[in-house]
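Peer 1: coords30.tsv is the file, holding TSV, C-alpha atoms:
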chain	number	residue	atom	x	y	z
A	288	MET	CA	94.91	108.22	114.27
A	289	SER	CA	97.32	108.13	117.17
A	290	VAL	CA	100.53	106.18	116.83
A	291	PRO	CA	100.30	102.69	118.38
A	292	ILE	CA	102.87	102.09	121.10
A	293	LEU	CA	103.64	98.42	121.76
A	294	LYS	CA	105.30	97.16	124.89
A	295	GLN	CA	107.66	94.23	124.60
A	296	GLY	CA	109.58	93.34	127.75
A	297	ASP	CA	111.24	96.58	128.78
A	298	LEU	CA	111.00	98.04	125.30
A	299	LEU	CA	108.45	100.49	123.92
A	300	ILE	CA	107.96	100.34	120.18
A	301	ALA	CA	106.16	103.24	118.49
A	302	SER	CA	105.29	102.45	114.92
A	303	ILE	CA	104.26	105.55	113.00
A	304	GLN	CA	101.68	104.52	110.38
A	305	GLU	CA	101.18	107.65	108.30
A	306	ALA	CA	102.24	111.27	107.79
A	307	GLN	CA	102.02	113.11	111.09
A	308	THR	CA	100.91	116.64	111.83
A	309	ASP	CA	103.00	118.65	114.28
A	310	ALA	CA	100.30	118.22	116.94
A	311	GLU	CA	100.29	114.45	116.43
A	312	LEU	CA	104.07	114.32	116.83
A	313	LEU	CA	103.83	116.31	120.05
A	314	ALA	CA	101.12	113.94	121.29
A	315	LEU	CA	103.44	111.00	120.56
A	316	ARG	CA	106.21	112.73	122.51
A	317	ASP	CA	103.94	113.24	125.50
A	318	ARG	CA	102.53	109.70	125.45
A	319	LEU	CA	106.00	108.18	125.18
A	320	SER	CA	107.37	110.25	128.01
A	321	GLY	CA	104.51	109.06	130.22
A	322	GLN	CA	104.83	105.45	129.18
A	323	VAL	CA	108.60	105.28	129.69
A	324	GLY	CA	107.88	105.72	133.38
A	325	ASP	CA	104.74	103.58	133.53
A	326	ALA	CA	106.39	100.66	131.72
A	327	ARG	CA	109.79	101.19	133.35
A	328	ALA	CA	111.14	100.99	129.81
A	329	ARG	CA	114.88	100.80	129.14
A	330	GLY	CA	114.57	101.22	125.41
A	331	VAL	CA	112.33	103.16	123.04
A	332	ILE	CA	112.17	102.31	119.33
A	333	ILE	CA	110.44	104.69	116.92
A	334	ASP	CA	109.73	103.43	113.42
A	335	VAL	CA	109.56	106.43	111.08
A	336	SER	CA	109.47	104.55	107.77
A	337	ALA	CA	105.89	105.71	107.09
A	338	LEU	CA	106.78	109.39	107.58
A	339	ASP	CA	106.71	111.24	104.24
A	340	VAL	CA	109.26	113.80	105.41
A	341	MET	CA	111.53	114.40	108.37
A	342	ASP	CA	111.60	118.15	108.49
A	343	SER	CA	113.05	120.39	111.17
A	344	PHE	CA	109.99	120.01	113.40
A	345	ALA	CA	109.91	116.21	113.24
A	346	THR	CA	113.64	116.07	113.93
A	347	ARG	CA	113.39	118.45	116.86
A	348	THR	CA	110.53	116.40	118.32
A	349	LEU	CA	112.42	113.10	117.96
A	350	ARG	CA	115.39	114.71	119.65
A	351	ALA	CA	113.15	115.88	122.48
A	352	ILE	CA	111.76	112.36	122.88
A	353	ALA	CA	115.27	110.90	123.00
A	354	TYR	CA	116.57	113.44	125.51
A	355	SER	CA	113.62	113.16	127.85
A	356	SER	CA	113.60	109.34	127.65
A	357	ARG	CA	117.33	109.37	128.40
A	358	LEU	CA	116.69	111.41	131.52
A	359	ARG	CA	114.17	108.76	132.55
A	360	GLY	CA	116.63	105.92	131.98
A	361	ALA	CA	115.65	104.75	128.50
A	362	HIS	CA	117.67	104.77	125.30
A	363	THR	CA	115.92	105.77	122.04
A	364	VAL	CA	116.59	104.27	118.60
A	365	VAL	CA	114.93	105.62	115.46
A	366	VAL	CA	114.50	103.09	112.65
A	367	GLY	CA	113.34	103.27	109.06
A	368	ILE	CA	114.82	106.52	107.74
A	369	SER	CA	114.62	106.02	103.97
A	370	PRO	CA	117.50	107.03	101.67
A	371	GLU	CA	115.37	109.90	100.30
A	372	VAL	CA	114.53	111.22	103.74
A	373	ALA	CA	118.15	110.85	104.87
A	374	PHE	CA	119.35	112.90	101.90
A	375	ALA	CA	116.77	115.62	102.56
A	376	MET	CA	117.84	115.78	106.22
A	377	VAL	CA	121.48	116.23	105.20
A	378	GLN	CA	120.54	119.04	102.82
A	379	LEU	CA	118.45	120.74	105.49
A	380	GLY	CA	121.36	120.52	107.90
A	381	LEU	CA	119.46	118.48	110.47
A	382	GLU	CA	121.30	116.59	113.18
A	383	LEU	CA	119.76	113.92	115.35
A	384	GLY	CA	121.78	114.73	118.46
A	385	ALA	CA	121.42	112.03	121.09
A	386	VAL	CA	119.12	109.93	118.91
A	387	SER	CA	120.55	106.59	117.83
A	388	THR	CA	119.48	105.11	114.52
A	389	ALA	CA	119.21	101.63	113.05
A	390	LEU	CA	118.13	100.35	109.68
A	391	ASP	CA	115.32	98.16	110.99
A	392	LEU	CA	113.65	96.78	114.07
A	393	ASP	CA	116.02	93.81	114.44
A	394	ASP	CA	119.05	96.09	114.31
A	395	ALA	CA	117.46	98.43	116.83
A	396	ILE	CA	116.77	95.61	119.28
A	397	ALA	CA	120.34	94.31	118.88
A	398	GLN	CA	121.68	97.82	119.43
A	399	LEU	CA	119.67	98.27	122.62
A	400	GLU	CA	120.88	94.86	123.82
A	401	GLU	CA	124.51	95.97	123.28
A	402	HIS	CA	123.81	99.25	125.00
A	403	ARG	CA	122.41	97.43	128.01
A	404	LYS	CA	125.45	95.15	128.24
A	405	SER	CA	127.85	98.07	128.08
A	406	GLU	CA	125.89	99.87	130.79
A	407	ARG	CA	126.09	96.80	132.99
A	408	ARG	CA	129.86	96.64	132.49
A	409	ALA	CA	130.26	100.33	133.28
B	45	MET	CA	102.75	128.87	83.89
B	46	SER	CA	99.68	126.73	84.29
B	47	ASP	CA	97.89	124.34	86.60
B	48	ALA	CA	98.16	126.40	89.74
B	49	ARG	CA	96.97	124.79	92.93
B	50	ARG	CA	96.34	126.77	96.06
B	51	ILE	CA	96.34	125.32	99.53
B	52	ALA	CA	95.10	127.52	102.36
B	53	ILE	CA	97.43	127.31	105.36
B	54	ASN	CA	95.66	127.90	108.65
B	55	ARG	CA	96.70	125.06	110.95
B	56	ASP	CA	99.29	122.31	111.22
B	57	ALA	CA	97.23	119.73	109.28
B	58	ASP	CA	97.44	122.08	106.28
B	59	ILE	CA	101.23	121.69	106.32
B	60	VAL	CA	100.79	117.98	105.62
B	61	ALA	CA	98.17	118.71	102.93
B	62	ALA	CA	100.48	121.23	101.23
B	63	ARG	CA	103.49	118.94	101.09
B	64	GLN	CA	101.36	116.04	99.83
B	65	ALA	CA	99.87	118.24	97.09
B	66	GLY	CA	103.40	119.35	96.25
B	67	ARG	CA	104.57	115.77	95.94
B	68	GLU	CA	101.65	114.98	93.63
B	69	LEU	CA	102.23	117.94	91.37
B	70	ALA	CA	105.98	117.33	91.36
B	71	THR	CA	105.31	113.78	90.19
B	72	GLU	CA	103.21	115.22	87.38
B	73	ALA	CA	106.06	117.55	86.46
B	74	GLY	CA	108.32	114.52	86.07
B	75	PHE	CA	110.30	114.60	89.32
B	76	LYS	CA	111.33	111.26	90.79
B	77	GLY	CA	112.64	109.68	93.99
B	78	ILE	CA	114.80	111.92	96.11
B	79	ASP	CA	113.61	115.12	94.41
B	80	LEU	CA	110.01	114.41	95.47
B	81	THR	CA	111.10	114.19	99.10
B	82	LEU	CA	113.29	117.31	98.83
B	83	ILE	CA	110.36	119.30	97.42
B	84	ALA	CA	107.90	117.98	100.02
B	85	THR	CA	110.36	118.82	102.81
B	86	ALA	CA	110.94	122.36	101.53
B	87	ILE	CA	107.17	122.94	101.31
B	88	SER	CA	106.78	121.60	104.84
B	89	GLU	CA	109.29	124.15	106.15
B	90	VAL	CA	107.79	127.22	104.44
B	91	ALA	CA	104.23	126.13	105.28
B	92	ARG	CA	105.18	125.73	108.94
B	93	ASN	CA	106.64	129.24	108.96
B	94	ILE	CA	103.21	130.52	107.91
B	95	VAL	CA	101.44	128.64	110.72
B	96	VAL	CA	103.98	129.62	113.38
B	97	TYR	CA	104.64	133.26	112.48
B	98	ALA	CA	101.70	134.49	110.39
B	99	LYS	CA	98.90	132.06	111.43
B	100	HIS	CA	97.25	132.30	108.00
B	101	GLY	CA	98.44	132.23	104.44
B	102	GLU	CA	98.57	130.05	101.38
B	103	ILE	CA	100.85	127.90	99.30
B	104	ALA	CA	100.47	128.11	95.52
B	105	LEU	CA	101.94	125.33	93.42
B	106	THR	CA	102.49	125.81	89.71
B	107	LEU	CA	103.81	123.45	87.07
B	108	LEU	CA	106.52	125.13	85.06
B	109	ASP	CA	106.65	124.08	81.45
B	110	GLU	CA	109.21	125.87	79.40
B	111	GLN	CA	110.53	125.04	75.98
B	112	ASN	CA	113.31	122.79	77.19
B	113	ARG	CA	112.67	122.23	80.86
B	114	ARG	CA	109.94	121.37	83.33
B	115	GLY	CA	109.71	122.18	86.97
B	116	LEU	CA	107.62	123.22	89.92
B	117	ALA	CA	107.16	126.63	91.50
B	118	VAL	CA	106.14	126.93	95.14
B	119	VAL	CA	104.95	130.29	96.38
B	120	ALA	CA	104.27	130.66	100.10
B	121	ARG	CA	102.39	133.86	100.85
B	122	ASP	CA	101.18	135.38	104.09
B	123	GLU	CA	100.05	138.71	105.44
B	124	GLY	CA	101.71	138.15	108.78
B	125	PRO	CA	104.05	140.40	110.76
B	126	GLY	CA	106.87	140.11	108.23
B	127	ILE	CA	110.51	139.29	108.97
B	128	ALA	CA	112.55	141.99	110.69
B	129	SER	CA	115.83	140.78	109.21
B	130	VAL	CA	115.64	138.54	106.17
B	131	GLU	CA	119.43	138.30	106.26
B	132	LYS	CA	119.33	136.82	109.78
B	133	ALA	CA	116.36	134.60	108.97
B	134	MET	CA	118.36	133.05	106.14
B	135	ARG	CA	121.20	132.18	108.51
B	136	ASP	CA	121.47	128.61	109.83
B	137	GLY	CA	120.45	128.35	113.45
B	138	PHE	CA	118.69	131.71	113.70
B	139	SER	CA	115.14	131.55	115.04
B	140	THR	CA	112.77	133.85	116.86
B	141	GLY	CA	110.26	131.02	117.26
B	142	GLY	CA	112.18	128.51	119.36
B	143	SER	CA	112.86	126.21	116.43
B	144	LEU	CA	116.13	124.85	115.07
B	145	GLY	CA	116.43	127.83	112.72
B	146	LEU	CA	116.97	125.65	109.69
B	147	GLY	CA	113.61	126.14	107.96
B	148	LEU	CA	114.33	128.93	105.47
B	149	PRO	CA	118.06	128.33	104.86
B	150	GLY	CA	117.33	124.60	104.67
B	151	ALA	CA	114.49	125.06	102.18
B	152	ARG	CA	116.82	127.14	100.03
B	153	ARG	CA	119.32	124.26	99.94
B	154	LEU	CA	116.58	121.79	98.97
B	155	MET	CA	115.40	123.77	95.97
B	156	ASP	CA	117.15	125.23	92.89
B	157	GLU	CA	115.90	128.80	93.20
B	158	PHE	CA	114.80	130.69	96.25
B	159	GLU	CA	113.57	134.25	96.71
B	160	ILE	CA	112.11	135.88	99.75
B	161	GLU	CA	110.36	139.19	100.06
B	162	SER	CA	109.19	140.43	103.40
B	163	HIS	CA	107.89	143.73	104.71
B	164	LEU	CA	107.18	144.42	108.36
B	165	GLY	CA	103.45	144.65	108.95
B	166	VAL	CA	102.68	143.62	105.39
B	167	GLY	CA	103.70	140.01	105.05
B	168	THR	CA	106.14	137.57	103.55
B	169	THR	CA	106.33	135.84	100.18
B	170	VAL	CA	108.75	132.99	99.58
B	171	THR	CA	109.14	131.81	95.99
B	172	MET	CA	111.00	128.56	95.32
B	173	ARG	CA	111.54	126.65	92.10
B	174	LYS	CA	113.03	123.33	91.25
B	175	TRP	CA	113.74	121.95	87.78
B	176	VAL	CA	113.61	118.36	86.65
B	177	THR	CA	117.09	117.10	85.94
B	178	ARG	CA	117.15	115.06	82.79
B	179	GLY	CA	119.17	111.93	83.26
Can the structure in the file be given as structure tokens, please?
Peer 2:
Amino acid sequence: MSVPILKQGDLLIASIQEAQTDAELLALRDRLSGQVGDARARGVIIDVSALDVMDSFATRTLRAIAYSSRLRGAHTVVVGISPEVAFAMVQLGLELGAVSTALDLDDAIAQLEEHRKSERRA
Amino acid sequence: MSDARRIAINRDADIVAARQAGRELATEAGFKGIDLTLIATAISEVARNIVVYAKHGEIALTLLDEQNRRGLAVVARDEGPGIASVEKAMRDGFSTGGSLGLGLPGARRLMDEFEIESHLGVGTTVTMRKWVTRG
């Protein structure tokens, strides 16, 4: 099943529903990079709470999504990293790079709002 | 050693199957919470190495039941090209496959025991074990 991507205003919200194969994660990356342009999105939120693991491949793919969205003018926030998954990522030595994180959807939306304000000021 | 489960690794969907089987068996062994995720993540990394570098192989999962401790053994086996330098492959950030280079060294940090045997042209076997901590 492909990950549903919702559009709300100038936000894209991808809510991962189940464990993803590498190919499914790459498909999400490609769909998001297309939709950032189509929707003229300024923010991308990816909910990973249903992911069973965030291994090196998932992390690399999220980083790629964030970098390419950034180049297209959108800021990416990943939400829903569980304490278990966070601990495993630390042990693996994974870094999220340009990816912002938030605990939940509300936090992510607030963060993107702040980000937008600071960009306007700049 | 008993209750071995073998998962054939031939494509990326098998990586998910292997780590889910690992989580199930680890639960049976008595692992909880964070440990289940650490084990599943380590399996994911070694299973992906099979798909990326060797194309085909298998993951064998075995419950370890010793007199005073229980645990899980994960053996990832392939007959792929082998690793030219195991020493380099175990170094953070080293990759010949365009990845982050954290798979093998990361998996070692996630588990309690980690052994790797690789011969060029013969294949690679990674053996990892984790023991249930009694709290």
Peer 1: With a cut-off of 9 Å, could you pull out the residues of segment 77-161 of chain B touching segment 338-360 of chain A and give me the nearest pair of atoms for each, distance in Å to one decimal, using all atoms listed in the file, ordered by chain and ascending number, as CSV?
Peer 2:
residue,atom,partner,partner_atom,distance
B:Thr81,CA,A:Val340,CA,6.6
B:Leu82,CA,A:Val340,CA,8.5
B:Ala84,CA,A:Val340,CA,7.0
B:Thr85,CA,A:Val340,CA,5.8
B:Ala86,CA,A:Asp342,CA,8.2
B:Ser88,CA,A:Asp342,CA,7.0
B:Glu89,CA,A:Asp342,CA,6.8
B:Arg92,CA,A:Phe344,CA,8.7
B:Ser143,CA,A:Phe344,CA,7.5
B:Leu144,CA,A:Ser343,CA,6.7
B:Gly145,CA,A:Ser343,CA,8.3
B:Leu146,CA,A:Ser343,CA,6.7
B:Gly147,CA,A:Ser343,CA,6.6
B:Gly150,CA,A:Ser343,CA,8.8
Peer 1: Those same residues - C-alpha atoms - I'd like them written as a short mmCIF file (atom, residue, chain, number, x, y, z; two decimals), in the frame of the given file.
Peer 2:
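Result file out25.cif:
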data_model
loop_
_atom_site.label_atom_id
_atom_site.label_comp_id
_atom_site.auth_asym_id
_atom_site.auth_seq_id
_atom_site.Cartn_x
_atom_site.Cartn_y
_atom_site.Cartn_z
CA THR B 81 111.10 114.19 99.10
CA LEU B 82 113.29 117.31 98.83
CA ALA B 84 107.90 117.98 100.02
CA THR B 85 110.36 118.82 102.81
CA ALA B 86 110.94 122.36 101.53
CA SER B 88 106.78 121.60 104.84
CA GLU B 89 109.29 124.15 106.15
CA ARG B 92 105.18 125.73 108.94
CA SER B 143 112.86 126.21 116.43
CA LEU B 144 116.13 124.85 115.07
CA GLY B 145 116.43 127.83 112.72
CA LEU B 146 116.97 125.65 109.69
CA GLY B 147 113.61 126.14 107.96
CA GLY B 150 117.33 124.60 104.67
#
Peer 1: Let me make sure I understand: among A:Glu400, A:Asp334, A:Asp394, A:Glu305, which one has the smallest atom-to-atom distance to chain B if we use all atoms listed in the file?
Peer 2: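 Smallest separation from chain B among the options: A:Glu305.
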Peer 1: I'd like the contact shell of Ser162 of chain B - 9 Å cut-off, only C-alpha atoms, skipping same-chain residues fewer than 4 positions apart - returned as a ChimeraX atom specification.
Peer 2: /B:125-130,166-170
Peer 1: Taking 2 positions as the minimum chain separation for residues in the same chain, which residues sit within 12 Å of Asp325 of chain A when counting only C-alpha atoms? Answer as a PDB file with C-alpha atoms, in the coordinates of the input.
Peer 2:
ATOM      1  CA  LYS A 294     105.300  97.160 124.890  1.00  0.00           C
ATOM      2  CA  ASP A 297     111.240  96.580 128.780  1.00  0.00           C
ATOM      3  CA  LEU A 298     111.000  98.040 125.300  1.00  0.00           C
ATOM      4  CA  LEU A 299     108.450 100.490 123.920  1.00  0.00           C
ATOM      5  CA  ARG A 318     102.530 109.700 125.450  1.00  0.00           C
ATOM      6  CA  LEU A 319     106.000 108.180 125.180  1.00  0.00           C
ATOM      7  CA  SER A 320     107.370 110.250 128.010  1.00  0.00           C
ATOM      8  CA  GLY A 321     104.510 109.060 130.220  1.00  0.00           C
ATOM      9  CA  GLN A 322     104.830 105.450 129.180  1.00  0.00           C
ATOM     10  CA  VAL A 323     108.600 105.280 129.690  1.00  0.00           C
ATOM     11  CA  ARG A 327     109.790 101.190 133.350  1.00  0.00           C
ATOM     12  CA  ALA A 328     111.140 100.990 129.810  1.00  0.00           C
ATOM     13  CA  ARG A 329     114.880 100.800 129.140  1.00  0.00           C
ATOM     14  CA  ARG A 359     114.170 108.760 132.550  1.00  0.00           C
TER      15      ARG A 359
END
Peer 1: Rounded to one decimal in Å, what is the spacing between atom CA of Pro370 of chain A and atom CA of Ile292 of chain A?
Peer 2: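 One can read the atom CA of Pro370 of chain A to atom CA of Ile292 of chain A distance as 24.8 Å.
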Peer 1: Please list as an NGL selection string every residue within 10 Å of Arg55 of chain B, counting only C-alpha atoms and excluding residues in the same chain fewer than 2 positions away.
Peer 2: (:A and (308-310)) or (:B and (52-53 or 57-60 or 91-92 or 94-96 or 99-101))
Peer 1: Mind giving me the straight-line distance from atom CA of Ile103 of chain B to atom CA of Ala120 of chain B in Å, one decimal?
Peer 2: 4.5 Å
Peer 1: Give me, please, the distance in Å between atom CA of Ala373 of chain A and atom CA of Pro149 of chain B, quoted to one decimal.
Peer 2: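 We find that atom CA of Ala373 of chain A and atom CA of Pro149 of chain B lie 17.5 Å from each other.
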Peer 1: Taking all atoms listed in the file into account, which of B:Gly115, B:Gly77, B:Gly66, B:Gly124 comes nearest chain A?
Peer 2: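 For chain A, the nearest of the given residues is B:Gly77.
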Peer 1: Give me, as a ChimeraX atom specification, all polymer residues having an atom no more than 12 Å from Leu392 of chain A, counting only C-alpha atoms and skipping those fewer than 4 positions away in the same chain.
Peer 2: /A:298-302,331-336,364-368,388,396-399
Peer 1: Please return the centre and edge lengths, in Å to one decimal, of a box with edges along x, y and z that contains all listed atoms of segment 312-316 of chain A, widened by 5 Å on every side, as lines of an AutoDock Vina configuration file.
Peer 2:
center_x = 103.7
center_y = 113.7
center_z = 119.7
size_x = 15.1
size_y = 15.3
size_z = 15.7
Peer 1: Go through B:Arg114, B:Lys76, B:Arg121, B:Arg135 and flag the residue nearest Arg173 of chain B, using only C-alpha atoms for the distances.
Peer 2: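 Answer, going by the shortest atom-to-atom distance: B:Arg114.
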Peer 1: Let me make sure I understand: among B:Val90, B:Ala151, B:Ala48, B:Ala62, which one has the smallest atom-to-atom distance to chain A if we use all atoms listed in the file?
Peer 2: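 Ranking B:Val90, B:Ala151, B:Ala48, B:Ala62 by distance to chain A, first place goes to B:Ala151.
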Peer 1: Could you add the missing atoms to segment 295-331 of chain A, up to N, CA and C atoms, and return them as an mmCIF file, in the coordinates of the input?
Peer 2:
data_model
loop_
_atom_site.group_PDB
_atom_site.id
_atom_site.type_symbol
_atom_site.label_atom_id
_atom_site.label_comp_id
_atom_site.auth_asym_id
_atom_site.auth_seq_id
_atom_site.Cartn_x
_atom_site.Cartn_y
_atom_site.Cartn_z
ATOM 1 N N GLN A 295 107.104 95.576 124.679
ATOM 2 C CA GLN A 295 107.660 94.230 124.600
ATOM 3 C C GLN A 295 108.798 94.134 125.593
ATOM 4 N N GLY A 296 108.579 93.373 126.681
ATOM 5 C CA GLY A 296 109.580 93.340 127.750
ATOM 6 C C GLY A 296 109.763 94.758 128.279
ATOM 7 N N ASP A 297 111.023 95.212 128.308
ATOM 8 C CA ASP A 297 111.240 96.580 128.780
ATOM 9 C C ASP A 297 111.460 97.551 127.623
ATOM 10 N N LEU A 298 110.911 97.171 126.461
ATOM 11 C CA LEU A 298 111.000 98.040 125.300
ATOM 12 C C LEU A 298 109.642 98.643 124.965
ATOM 13 N N LEU A 299 109.656 99.888 124.500
ATOM 14 C CA LEU A 299 108.450 100.490 123.920
ATOM 15 C C LEU A 299 108.723 100.665 122.430
ATOM 16 N N ILE A 300 107.784 100.223 121.628
ATOM 17 C CA ILE A 300 107.960 100.340 120.180
ATOM 18 C C ILE A 300 106.807 101.167 119.613
ATOM 19 N N ALA A 301 107.161 102.358 119.099
ATOM 20 C CA ALA A 301 106.160 103.240 118.490
ATOM 21 C C ALA A 301 106.293 103.124 116.983
ATOM 22 N N SER A 302 105.223 102.682 116.357
ATOM 23 C CA SER A 302 105.290 102.450 114.920
ATOM 24 C C SER A 302 104.392 103.458 114.210
ATOM 25 N N ILE A 303 105.026 104.488 113.669
ATOM 26 C CA ILE A 303 104.260 105.550 113.000
ATOM 27 C C ILE A 303 103.690 104.986 111.697
ATOM 28 N N GLN A 304 102.375 105.173 111.504
ATOM 29 C CA GLN A 304 101.680 104.520 110.380
ATOM 30 C C GLN A 304 101.459 105.421 109.182
ATOM 31 N N GLU A 305 101.521 106.721 109.393
ATOM 32 C CA GLU A 305 101.180 107.650 108.300
ATOM 33 C C GLU A 305 101.807 109.003 108.589
ATOM 34 N N ALA A 306 101.721 109.907 107.613
ATOM 35 C CA ALA A 306 102.240 111.270 107.790
ATOM 36 C C ALA A 306 101.642 111.865 109.061
ATOM 37 N N GLN A 307 102.453 112.567 109.813
ATOM 38 C CA GLN A 307 102.020 113.110 111.090
ATOM 39 C C GLN A 307 101.972 114.630 111.053
ATOM 40 N N THR A 308 100.919 115.188 111.644
ATOM 41 C CA THR A 308 100.910 116.640 111.830
ATOM 42 C C THR A 308 101.817 116.962 113.017
ATOM 43 N N ASP A 309 102.157 118.237 113.155
ATOM 44 C CA ASP A 309 103.000 118.650 114.280
ATOM 45 C C ASP A 309 102.327 118.282 115.609
ATOM 46 N N ALA A 310 101.013 118.513 115.686
ATOM 47 C CA ALA A 310 100.300 118.220 116.940
ATOM 48 C C ALA A 310 100.343 116.724 117.251
ATOM 49 N N GLU A 311 100.242 115.899 116.204
ATOM 50 C CA GLU A 311 100.290 114.450 116.430
ATOM 51 C C GLU A 311 101.674 114.015 116.910
ATOM 52 N N LEU A 312 102.719 114.653 116.372
ATOM 53 C CA LEU A 312 104.070 114.320 116.830
ATOM 54 C C LEU A 312 104.272 114.723 118.290
ATOM 55 N N LEU A 313 103.722 115.882 118.656
ATOM 56 C CA LEU A 313 103.830 116.310 120.050
ATOM 57 C C LEU A 313 103.061 115.375 120.971
ATOM 58 N N ALA A 314 101.909 114.882 120.485
ATOM 59 C CA ALA A 314 101.120 113.940 121.290
ATOM 60 C C ALA A 314 101.905 112.646 121.492
ATOM 61 N N LEU A 315 102.618 112.204 120.446
ATOM 62 C CA LEU A 315 103.440 111.000 120.560
ATOM 63 C C LEU A 315 104.539 111.225 121.609
ATOM 64 N N ARG A 316 105.164 112.394 121.536
ATOM 65 C CA ARG A 316 106.210 112.730 122.510
ATOM 66 C C ARG A 316 105.677 112.640 123.942
ATOM 67 N N ASP A 317 104.496 113.207 124.153
ATOM 68 C CA ASP A 317 103.940 113.240 125.500
ATOM 69 C C ASP A 317 103.540 111.844 125.971
ATOM 70 N N ARG A 318 102.944 111.058 125.059
ATOM 71 C CA ARG A 318 102.530 109.700 125.450
ATOM 72 C C ARG A 318 103.751 108.857 125.768
ATOM 73 N N LEU A 319 104.795 108.988 124.935
ATOM 74 C CA LEU A 319 106.000 108.180 125.180
ATOM 75 C C LEU A 319 106.641 108.572 126.501
ATOM 76 N N SER A 320 106.685 109.867 126.782
ATOM 77 C CA SER A 320 107.370 110.250 128.010
ATOM 78 C C SER A 320 106.617 109.742 129.225
ATOM 79 N N GLY A 321 105.287 109.666 129.133
ATOM 80 C CA GLY A 321 104.510 109.060 130.220
ATOM 81 C C GLY A 321 104.757 107.571 130.326
ATOM 82 N N GLN A 322 104.749 106.913 129.167
ATOM 83 C CA GLN A 322 104.830 105.450 129.180
ATOM 84 C C GLN A 322 106.217 104.921 129.550
ATOM 85 N N VAL A 323 107.253 105.711 129.286
ATOM 86 C CA VAL A 323 108.600 105.280 129.690
ATOM 87 C C VAL A 323 108.611 105.020 131.200
ATOM 88 N N GLY A 324 107.957 105.895 131.937
ATOM 89 C CA GLY A 324 107.880 105.720 133.380
ATOM 90 C C GLY A 324 106.943 104.581 133.761
ATOM 91 N N ASP A 325 105.750 104.589 133.176
ATOM 92 C CA ASP A 325 104.740 103.580 133.530
ATOM 93 C C ASP A 325 105.257 102.166 133.259
ATOM 94 N N ALA A 326 105.949 102.002 132.120
ATOM 95 C CA ALA A 326 106.390 100.660 131.720
ATOM 96 C C ALA A 326 107.783 100.357 132.245
ATOM 97 N N ARG A 327 108.397 101.314 132.938
ATOM 98 C CA ARG A 327 109.790 101.190 133.350
ATOM 99 C C ARG A 327 110.649 100.732 132.172
ATOM 100 N N ALA A 328 110.450 101.387 131.048
ATOM 101 C CA ALA A 328 111.140 100.990 129.810
ATOM 102 C C ALA A 328 112.612 101.359 129.869
ATOM 103 N N ARG A 329 113.448 100.496 129.262
ATOM 104 C CA ARG A 329 114.880 100.800 129.140
ATOM 105 C C ARG A 329 115.228 101.203 127.716
ATOM 106 N N GLY A 330 114.317 100.872 126.804
ATOM 107 C CA GLY A 330 114.570 101.220 125.410
ATOM 108 C C GLY A 330 113.291 101.708 124.734
ATOM 109 N N VAL A 331 113.457 102.678 123.817
ATOM 110 C CA VAL A 331 112.330 103.160 123.040
ATOM 111 C C VAL A 331 112.730 103.067 121.559
#
